[in-house]
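Chemist: Okay, handing you the structure first.
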Amino acid sequence: MGMSAGYYLAKRGVRTLLLDADDPPHREGSHHGETRLIRHAYGGHAVYTDMAIRAHQLWNDLELLAEKQLLVPSGVLNITDPALYSLKDRIPKAAKRGVRTEWLKALEIQHRWPGIRLPEHFEAMYEPAAGYLRSEACVDAYRTLALAHGAELRTHTPVHGITPLQDGVVVHTREGDFAGAKVILTAGAWFRTLAPFVTLPIRAVRKVVGWFETTGIDYQAGRFPGFTLHTGEGTYYGFPDIGGGGLKIGRHDTGLEWQPGDPIQPFGSLAEDEEDLRSVLHRYMPGAAGRLIQGAVCKYELTPDEDFMIDRHPLYSHILVAGGFSGHGFKFASVVGEILSQLAVEEQVQLDLRPFALSRFTQQTASVSSKS
Ligand SMILES: Cc1cc2nc3c(=O)[nH]c(=O)nc-3n(C[C@H](O)[C@H](O)[C@H](O)COP(=O)(O)OP(=O)(O)OC[C@H]3O[C@@H](n4cnc5c(N)ncnc54)[C@H](O)[C@@H]3O)c2cc1C
C-alpha cells in the first residue's frame, strides 16, 4: 500500500519520502508468496466492487509502464457448499456494475475443470475476467516507478515515533528525524508499534500457504483457474500450478495471533500447517495433493469486521492511516495508493470511503492520541 501511494504521489510531482522497516518486496509482511487473487464480484459494501474495477485498470496501466505481466487473467472460481455459505446475492450486485459472472453446478464444474471433485450439491460463481497478481513483482514495479519519478526510499528504517505539528509532522527513526507536511501510515501487521499515537483494533495473525505437486495437465496455469472454496472444513483459496511450482493453497479462516516483536513459527512448525491444506486438496482436488514443494508463512491484519481502515487521523487531518487489510487487500493496493495520493493532495475521491472510517469502532477499541 505504501509503495503504491508513494508512486502515485511522486508521479504527481509531490516530494515523497518512503520509509520502510524492511526492504520491500520482502518476506516478513503480508505481500509475499508469489500470487494474490483479484476478484471483482464482492459481497458486503458495494464500494469493494467499484474499487476492484478501478484497481484492475490501474494494474493494467502499471503492467504497461513496467513492461511485464503482473495480472494473469486466469478466471476465479468461487466454490461453495450452499448449505453453509451463499454467493448468489453477489451476482445481481456484480451485474449492476458490469461484472460478468457464471453460476455453475457441481457437475458442470467437474466437466470444465476435470481436476475438481465436488459433492453434487456444491455450486460455484465463476468470474471469467478475474485472475491473480504477481504480488512481489507488483510491489517491485511500484518501487521502481516511484523512484523514477523522484521519490526517495530509505529501507531498514523503522519509524518508532510520530510527533504531529499543527502544520506538519515529524517522524522519528534510528537514522534521525524526518519532517514533512503530511504523512501516510501503512504499517501492515505492525500498527501496534505506532501506539499510542494511533491505536487501532487490528489483530495480526500467522497464516500458512503450501505449494503441492500436481499430476497431469488439469491444474496447470492456462487451464486451471484461481479459486476460493467455502466448505464445512473451512475457507480456502488457491492458484494454478505455475510452471511446475505446484498448486498453491492457503486457508482464509483460522490462524494464530502474532504480536510485533515476537518470532513467528516457520511453516511446518505445527503438524496442521501441511495436513490441513493437504486434506482439503485430497478431497476436492485429488491430483494436486502430491509432494509438498514449499511452504510459507505470511501475516493477515484483521479488523473486527474485516473491512479496511482508510481515513484521516481524527485529530490531525494531514495524517492518513491505511491498514487492517484483513487478508483481502492486495488486489486493491493500486487503487488504495491512488486514493491515498488523492487524500494527501486534498483532491476529491470518487469512491465511497465511509465503510473504511476509523469512527466505526468505539472509543474502547479505536483511539488516537496526540502523544508521539
Ligand atoms: C497468505 C496471504 C494470502 C493473501 N491472499 C490475498 C489474495 O488472494 N488477494 C488479496 O487481495 N489479498 C490477499 N492477502 C492480503 C494482502 O496481501 C494484504 O492485505 C496486503 O498485502 C496488505 O498490504 P500492507 O501494505 O498493509 O502490508 P505489508 O505488505 O505487510 O506492508 C507493510 C509494510 O510496512 C512496513 N512497516 C511496518 N511497520 C513499520 C514502521 N514502524 N516503520 C517503517 N515501516 C514499517 C513493513 O516493513 C512492510 O514493508 C493475503 C495475505 C496473506 C498473508
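For the C-alpha cells, the naming scheme is as follows: chains receive sequential letters (A, B, ...) according to their order of presentation, residues are indexed from 1 within each chain, and ligands are indexed from 1 in presentation order.
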Would you name the residues within 6 Å of ligand 1, counting only C-alpha atoms and all ligand atoms, and put them as a ChimeraX atom specification?
Modeler: /A:1-2,19-22,24,29-31,36-38,157-160,186-188,190,207-209,298-300,323,325-331
Chemist: Give me, as a ChimeraX atom specification, all polymer residues having an atom no more than 10 Å from Pro260 (chain A), counting only C-alpha atoms and skipping those fewer than 3 positions away in the same chain.
Modeler: /A:189-193,204,263-264
Chemist: According to DSSP computed on the backbone, where in region 212-291 of chain A is there strand (DSSP E or B)? Give the residues as a list in words.
Modeler: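 Put together, the selection reads Phe212, Gln220, Ala221, Phe224, Gly226, Phe227, Thr228, Leu229, His230, Thr231, Gly234, Thr235, Tyr236, Tyr237, Gly238, Phe239, Asp241, Leu247, Lys248, Ile249, Gly250, Arg251, Leu256 and Glu257 of chain A.
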Chemist: Report the distance between CA of Glu338 (chain A) and CA of Ser4 (chain A) in Å, rounded to one decimal place.
Modeler: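 These two atoms are separated by 7.4 Å.
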Chemist: Please list as an MDAnalysis selection string every residue within 10 Å of Ala5 (chain A), counting only C-alpha atoms and excluding residues in the same chain fewer than 5 positions away.
Modeler: chainID A and resid 10:11 16 18 142 146 184 186 333:342 344
Chemist: Save out the residues we just selected, N, CA and C atoms, as an mmCIF file, in the first residue's frame.
Modeler:
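Writing done, so here's result28.cif:
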data_model
loop_
_atom_site.group_PDB
_atom_site.id
_atom_site.type_symbol
_atom_site.label_atom_id
_atom_site.label_comp_id
_atom_site.auth_asym_id
_atom_site.auth_seq_id
_atom_site.Cartn_x
_atom_site.Cartn_y
_atom_site.Cartn_z
ATOM 1 N N ALA A 10 4.513 10.605 -6.133
ATOM 2 C CA ALA A 10 5.701 11.076 -6.863
ATOM 3 C C ALA A 10 5.325 11.425 -8.306
ATOM 4 N N LYS A 11 4.435 10.626 -8.889
ATOM 5 C CA LYS A 11 4.003 10.875 -10.273
ATOM 6 C C LYS A 11 3.319 12.241 -10.394
ATOM 7 N N THR A 16 8.364 13.149 -2.173
ATOM 8 C CA THR A 16 7.904 11.971 -1.423
ATOM 9 C C THR A 16 9.082 11.216 -0.817
ATOM 10 N N LEU A 18 9.810 7.667 1.210
ATOM 11 C CA LEU A 18 9.259 6.368 1.624
ATOM 12 C C LEU A 18 10.179 5.784 2.683
ATOM 13 N N TYR A 142 6.023 -0.819 -8.468
ATOM 14 C CA TYR A 142 5.708 0.485 -7.860
ATOM 15 C C TYR A 142 6.975 1.132 -7.294
ATOM 16 N N ALA A 146 8.196 4.634 -8.599
ATOM 17 C CA ALA A 146 8.183 5.742 -7.628
ATOM 18 C C ALA A 146 9.559 6.417 -7.627
ATOM 19 N N ILE A 184 1.562 9.434 5.541
ATOM 20 C CA ILE A 184 0.617 8.326 5.325
ATOM 21 C C ILE A 184 1.182 7.125 6.068
ATOM 22 N N THR A 186 1.122 3.215 6.684
ATOM 23 C CA THR A 186 0.687 1.933 6.083
ATOM 24 C C THR A 186 1.552 0.824 6.685
ATOM 25 N N ALA A 333 -4.415 -2.775 -3.820
ATOM 26 C CA ALA A 333 -3.256 -1.929 -3.468
ATOM 27 C C ALA A 333 -3.079 -0.791 -4.477
ATOM 28 N N SER A 334 -3.371 -1.050 -5.746
ATOM 29 C CA SER A 334 -3.208 0.007 -6.751
ATOM 30 C C SER A 334 -4.176 1.157 -6.466
ATOM 31 N N VAL A 335 -5.455 0.821 -6.283
ATOM 32 C CA VAL A 335 -6.437 1.894 -6.092
ATOM 33 C C VAL A 335 -6.289 2.524 -4.706
ATOM 34 N N VAL A 336 -5.863 1.758 -3.723
ATOM 35 C CA VAL A 336 -5.650 2.355 -2.390
ATOM 36 C C VAL A 336 -4.524 3.394 -2.469
ATOM 37 N N GLY A 337 -3.477 3.081 -3.219
ATOM 38 C CA GLY A 337 -2.393 4.058 -3.409
ATOM 39 C C GLY A 337 -2.911 5.312 -4.090
ATOM 40 N N GLU A 338 -3.757 5.119 -5.088
ATOM 41 C CA GLU A 338 -4.328 6.281 -5.790
ATOM 42 C C GLU A 338 -5.189 7.105 -4.833
ATOM 43 N N ILE A 339 -6.036 6.410 -4.056
ATOM 44 C CA ILE A 339 -6.910 7.106 -3.086
ATOM 45 C C ILE A 339 -6.063 7.897 -2.084
ATOM 46 N N LEU A 340 -5.024 7.257 -1.541
ATOM 47 C CA LEU A 340 -4.199 7.932 -0.533
ATOM 48 C C LEU A 340 -3.522 9.164 -1.124
ATOM 49 N N SER A 341 -3.093 9.051 -2.387
ATOM 50 C CA SER A 341 -2.451 10.218 -3.013
ATOM 51 C C SER A 341 -3.485 11.326 -3.204
ATOM 52 N N GLN A 342 -4.725 10.970 -3.536
ATOM 53 C CA GLN A 342 -5.768 11.989 -3.700
ATOM 54 C C GLN A 342 -6.091 12.654 -2.367
ATOM 55 N N ALA A 344 -4.098 12.930 0.115
ATOM 56 C CA ALA A 344 -2.932 13.722 0.547
ATOM 57 C C ALA A 344 -2.882 15.079 -0.152
#
